[in-house]
Structures are given as structure tokens and as C-alpha cells.
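Visitor: Sharing a structure, written as C-alpha cells. Questions coming.
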Amino acid sequence: MTEDWLKKYERLKRDVDYLQTHDAITGLPNRLLFYDRLDLAVIHAQRNKERFILMIIDLDDFNNINHQYSYHTGDMVLKETGKRLRSVLRKGDTIARIGGDEFILILPGVINKKNALKVIKNIYKEFLTPLVLDGEHIKISFSMGISIFPEHGDSGDELLKNADIALMDAKSKGKNLYNFFTYS
């Protein structure tokens, strides 16, 4: 009896720990786990004098999907988006859903714009095929803001701020665009 109770308790604790650090819809790391991984990426890159890319991806017109189809379909779009993004990333890369329709990627070892452009191309290529959800073909587009450590910031907060500025600039120029942060 005691062993069964202990096993149930341990399983419940694992489940609670997972739910605290992962997004309920996509199963991806959430904001809490993302910040921990970002801090570790900065520490690792500083220690080893390396570079990495931080990329914010924001779905274009996501509210229209929720309104045109349903919130359930919107959740399925988020889940499939996470799955497709994960499929083009390497082991050791981080992808997180930090809220709404925003995903963030940490790409260690992607050391310059040329390498980042290969990743960006692969991501856009993955979304050329529309999602098929509940018999509906849904075309997804998104905008990206990109910052590079340490050129665009030597802390996680600064990298996030600058990637967000790059994202807003990409969105202001239209949709389905990417933009690297630049100092004005």
C-alpha cells in the first residue's frame, strides 16, 4: 500500500513540475523555463566566448483564425506551429511558447547572419504547406525579430528587447517578414 501511494505521489509531483514549466497547449517550454534556458545560454556563451541567435516568431493575424474558425482550431494551429518549428531545429536548440501566438527560439552555435538565414529559410519552407485542421486548409504566416549575442546585447533582457524591436519593425513593413535588430 505504501509503495503504491509513493509511486502515485512521485508521478503527481512529476506532472505538476512539468505543468509549471511547459505550455499546456503545445507542450513546449513556457516563459518560466525559457528564461532559465536563456540565462544559461548567456552564461555559456560568455564563458566560451561564443555567439547565439535569439529569434521571436509572432503569427500574423492569429486572432482572425480564432474568430473565423474557433478557439479550438486556434489551439490546434499553435500546437502544429510548435511541432513544425521543433521539426526544423537541432537537438540543443530551445523553442518556447511564451504566450499568445509568440514563440521564441534560442539557437546556440548559429554564429552569424548567414547561418541564421539558413535556419530562417528552413522555417519558412516548413510552413509553405498549409495546415490541415478539421478538414480546413489554413495558411500560416509569421513575422520574426532576431538578435545576436553579444552584438545586440550581453544579457537576456537586452537580447529580448532588441529582438522584439526587430519584430515590431518587421510587422510594420508588412507580414511574413523577418528582421535583424539594428542600432539606429
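Residues in the C-alpha cells are named by chain (A, B, ... in the order shown) and by number from 1 within that chain; ligands are numbered from 1 in the order shown.
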Do you know which residues are at most 9 Å from Lys113 (chain A) counting only C-alpha atoms, after dropping those on the same chain fewer than 4 positions away, and could you put them as a count of residues only?
Guide: 5
Visitor: For the structure I just gave you, how does DSSP split region 2-47 of chain A - specifically, which residues are alpha helix (DSSP H)? Reply as a PyMOL selection string.
Guide: chain A and resi 2-21+31-47
Visitor: Restricted to C-alpha atoms, what would the selected residues look like written as a short mmCIF file (atom, residue, chain, number, x, y, z; two decimals), in the first residue's frame?
Guide:
data_model
loop_
_atom_site.label_atom_id
_atom_site.label_comp_id
_atom_site.auth_asym_id
_atom_site.auth_seq_id
_atom_site.Cartn_x
_atom_site.Cartn_y
_atom_site.Cartn_z
CA THR A 2 2.75 2.47 0.92
CA GLU A 3 4.72 1.74 -2.28
CA ASP A 4 1.64 2.40 -4.45
CA TRP A 5 1.00 5.68 -2.64
CA LEU A 6 4.65 6.71 -3.04
CA LYS A 7 4.61 5.90 -6.78
CA LYS A 8 1.40 7.91 -7.25
CA TYR A 9 2.88 10.83 -5.31
CA GLU A 10 6.08 10.80 -7.37
CA ARG A 11 4.10 10.63 -10.63
CA LEU A 12 1.87 13.51 -9.47
CA LYS A 13 4.91 15.58 -8.50
CA ARG A 14 6.49 15.00 -11.94
CA ASP A 15 3.23 16.03 -13.59
CA VAL A 16 2.99 19.22 -11.51
CA ASP A 17 6.65 20.08 -12.18
CA TYR A 18 6.07 19.58 -15.92
CA LEU A 19 2.94 21.76 -15.92
CA GLN A 20 4.81 24.55 -14.13
CA THR A 21 7.46 24.73 -16.85
CA ARG A 31 8.05 31.56 -20.19
CA LEU A 32 9.47 30.33 -16.87
CA LEU A 33 11.60 27.58 -18.40
CA PHE A 34 12.53 29.80 -21.35
CA TYR A 35 14.04 32.46 -19.08
CA ASP A 36 16.08 29.80 -17.31
CA ARG A 37 17.38 28.48 -20.63
CA LEU A 38 18.12 32.00 -21.87
CA ASP A 39 20.14 32.74 -18.73
CA LEU A 40 22.08 29.51 -19.24
CA ALA A 41 22.69 30.33 -22.91
CA VAL A 42 24.10 33.75 -21.99
CA ILE A 43 26.34 32.27 -19.26
CA HIS A 44 27.57 29.52 -21.59
CA ALA A 45 28.23 31.93 -24.45
CA GLN A 46 30.07 34.40 -22.19
CA ARG A 47 32.20 31.64 -20.66
#
Visitor: Would you kindly return, as a list in words, each protein, DNA or RNA residue with an atom no farther than 12 Å from any atom of region 134-137 of chain A, considering only C-alpha atoms and excluding same-chain residues fewer than 4 positions away?
Guide: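 Using only C-alpha atoms, the neighbours found are Ile65, Gln68, Tyr69, Ser70, His72, Thr73, Gly74, Met76, Val77, Leu128, Thr129 and Pro130 of chain A.
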Visitor: Lys121 (chain A): which residues within 12 Å, counting only C-alpha atoms, same-chain residues fewer than 5 positions away excluded, as JSON, numbers by chain?
Guide: {"A": [85, 88, 89, 113, 114, 115, 116, 126, 127, 128, 144, 177, 178]}
Visitor: May I have the residues within 8 Å of Gly109 (chain A) as a ChimeraX atom specification, using only C-alpha atoms and disregarding those fewer than 2 positions away in the same chain?
Guide: /A:50-52,107,111
Visitor: Enter the distance from CA of Tyr183 (chain A) to CA of Gly145 (chain A), in Å, rounded to one decimal.
Guide: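 Rounded to one decimal, the two atoms are 13.6 Å apart.
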Visitor: Calculate how many Å separate CA of Leu167 (chain A) from CA of Leu59 (chain A), rounding to one decimal.
Guide: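 Rounded to one decimal, the two atoms are 11.0 Å apart.
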Visitor: Please tabulate, as CSV, the residues of region 62-116 of chain A that come within 12 Å of region 151-165 of chain A, each with its closest pair of atoms and the distance in Å to one decimal, counting only C-alpha atoms and ordering rows by chain, then residue number upward.
Guide:
residue,atom,partner,partner_atom,distance
A:Ile98,CA,A:Leu160,CA,11.9
A:Glu102,CA,A:Asp164,CA,10.7
A:Phe103,CA,A:Asp164,CA,11.6
A:Ile104,CA,A:Leu160,CA,9.3
A:Leu105,CA,A:Leu160,CA,10.7
A:Ile106,CA,A:Gly156,CA,10.6
A:Ile111,CA,A:Glu151,CA,10.7
A:Asn112,CA,A:Glu151,CA,10.1
A:Lys113,CA,A:Glu151,CA,11.5
Visitor: Can I get the selection written as a compact mmCIF listing (two decimals), in the first residue's frame, with C-alpha atoms?
Guide:
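Output below, filename result.txt:
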# COMPACT_ATOMS: atom_id res chain seq x y z
CA ILE A 98 5.79 32.46 -24.14
CA GLU A 102 4.55 34.15 -29.80
CA PHE A 103 7.31 31.59 -29.94
CA ILE A 104 10.95 32.21 -29.08
CA LEU A 105 13.98 30.28 -30.28
CA ILE A 106 17.46 30.16 -28.82
CA ILE A 111 27.13 32.46 -35.14
CA ASN A 112 26.25 34.93 -37.87
CA LYS A 113 23.51 36.22 -40.15
Visitor: Per DSSP on the backbone, filter region 101-152 of chain A down to the residues in strand (DSSP E or B) and report them as a PDB file with N, CA and C atoms, in the first residue's frame.
Guide:
ATOM      1  N   GLU A 102       3.114  33.887 -29.705  1.00  0.00           N
ATOM      2  CA  GLU A 102       4.550  34.148 -29.800  1.00  0.00           C
ATOM      3  C   GLU A 102       5.365  32.938 -29.377  1.00  0.00           C
ATOM      4  N   PHE A 103       6.346  32.637 -30.211  1.00  0.00           N
ATOM      5  CA  PHE A 103       7.312  31.586 -29.944  1.00  0.00           C
ATOM      6  C   PHE A 103       8.692  32.225 -29.940  1.00  0.00           C
ATOM      7  N   ILE A 104       9.576  31.701 -29.123  1.00  0.00           N
ATOM      8  CA  ILE A 104      10.950  32.206 -29.080  1.00  0.00           C
ATOM      9  C   ILE A 104      11.905  31.041 -29.252  1.00  0.00           C
ATOM     10  N   LEU A 105      12.951  31.284 -30.035  1.00  0.00           N
ATOM     11  CA  LEU A 105      13.975  30.277 -30.277  1.00  0.00           C
ATOM     12  C   LEU A 105      15.315  30.790 -29.770  1.00  0.00           C
ATOM     13  N   ILE A 106      16.068  29.898 -29.156  1.00  0.00           N
ATOM     14  CA  ILE A 106      17.464  30.159 -28.815  1.00  0.00           C
ATOM     15  C   ILE A 106      18.270  29.164 -29.634  1.00  0.00           C
ATOM     16  N   LEU A 107      19.157  29.699 -30.462  1.00  0.00           N
ATOM     17  CA  LEU A 107      19.920  28.856 -31.382  1.00  0.00           C
ATOM     18  C   LEU A 107      21.411  28.985 -31.088  1.00  0.00           C
ATOM     19  N   PRO A 108      21.934  28.152 -30.175  1.00  0.00           N
ATOM     20  CA  PRO A 108      23.369  28.215 -29.894  1.00  0.00           C
ATOM     21  C   PRO A 108      24.164  27.722 -31.101  1.00  0.00           C
ATOM     22  N   LEU A 131      -1.636  24.201 -43.051  1.00  0.00           N
ATOM     23  CA  LEU A 131      -2.052  23.250 -42.029  1.00  0.00           C
ATOM     24  C   LEU A 131      -3.417  22.703 -42.439  1.00  0.00           C
ATOM     25  N   VAL A 132      -3.655  21.440 -42.201  1.00  0.00           N
ATOM     26  CA  VAL A 132      -4.969  20.858 -42.446  1.00  0.00           C
ATOM     27  C   VAL A 132      -5.521  20.463 -41.083  1.00  0.00           C
ATOM     28  N   LEU A 133      -6.515  21.221 -40.625  1.00  0.00           N
ATOM     29  CA  LEU A 133      -7.102  21.009 -39.308  1.00  0.00           C
ATOM     30  C   LEU A 133      -8.612  20.942 -39.446  1.00  0.00           C
ATOM     31  N   GLU A 136     -10.025  21.794 -42.725  1.00  0.00           N
ATOM     32  CA  GLU A 136      -9.765  23.147 -43.230  1.00  0.00           C
ATOM     33  C   GLU A 136      -8.283  23.302 -43.570  1.00  0.00           C
ATOM     34  N   HIS A 137      -7.993  23.946 -44.693  1.00  0.00           N
ATOM     35  CA  HIS A 137      -6.621  24.270 -45.071  1.00  0.00           C
ATOM     36  C   HIS A 137      -6.342  25.685 -44.572  1.00  0.00           C
ATOM     37  N   ILE A 138      -5.411  25.795 -43.643  1.00  0.00           N
ATOM     38  CA  ILE A 138      -5.125  27.090 -43.013  1.00  0.00           C
ATOM     39  C   ILE A 138      -3.679  27.465 -43.309  1.00  0.00           C
ATOM     40  N   PHE A 142       3.993  34.386 -40.549  1.00  0.00           N
ATOM     41  CA  PHE A 142       4.504  34.924 -39.301  1.00  0.00           C
ATOM     42  C   PHE A 142       5.614  35.915 -39.586  1.00  0.00           C
ATOM     43  N   SER A 143       5.874  36.721 -38.590  1.00  0.00           N
ATOM     44  CA  SER A 143       6.965  37.683 -38.646  1.00  0.00           C
ATOM     45  C   SER A 143       7.989  37.288 -37.598  1.00  0.00           C
ATOM     46  N   MET A 144       9.259  37.644 -37.861  1.00  0.00           N
ATOM     47  CA  MET A 144      10.345  37.284 -36.950  1.00  0.00           C
ATOM     48  C   MET A 144      11.202  38.495 -36.640  1.00  0.00           C
ATOM     49  N   GLY A 145      11.628  38.562 -35.393  1.00  0.00           N
ATOM     50  CA  GLY A 145      12.619  39.539 -34.964  1.00  0.00           C
ATOM     51  C   GLY A 145      13.809  38.778 -34.414  1.00  0.00           C
ATOM     52  N   ILE A 146      15.006  39.177 -34.816  1.00  0.00           N
ATOM     53  CA  ILE A 146      16.202  38.411 -34.497  1.00  0.00           C
ATOM     54  C   ILE A 146      17.266  39.298 -33.880  1.00  0.00           C
ATOM     55  N   SER A 147      17.867  38.806 -32.797  1.00  0.00           N
ATOM     56  CA  SER A 147      19.031  39.469 -32.215  1.00  0.00           C
ATOM     57  C   SER A 147      20.137  38.436 -32.058  1.00  0.00           C
ATOM     58  N   ILE A 148      21.376  38.930 -32.055  1.00  0.00           N
ATOM     59  CA  ILE A 148      22.549  38.069 -31.978  1.00  0.00           C
ATOM     60  C   ILE A 148      23.344  38.425 -30.725  1.00  0.00           C
ATOM     61  N   PHE A 149      23.697  37.403 -29.937  1.00  0.00           N
ATOM     62  CA  PHE A 149      24.555  37.604 -28.774  1.00  0.00           C
ATOM     63  C   PHE A 149      26.001  37.526 -29.234  1.00  0.00           C
TER      64      PHE A 149
END
Visitor: Hey, can you check how far CA of Gly99 (chain A) sits from CA of Asp23 (chain A)?
Guide: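 CA of Gly99 (chain A) sits 8.5 Å away from CA of Asp23 (chain A).
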Visitor: Looking at A:Lys139, A:Lys125, A:Arg97, A:Lys173, which one is nearest to Ile56 (chain A), with distances taken over only C-alpha atoms?
Guide: A:Arg97
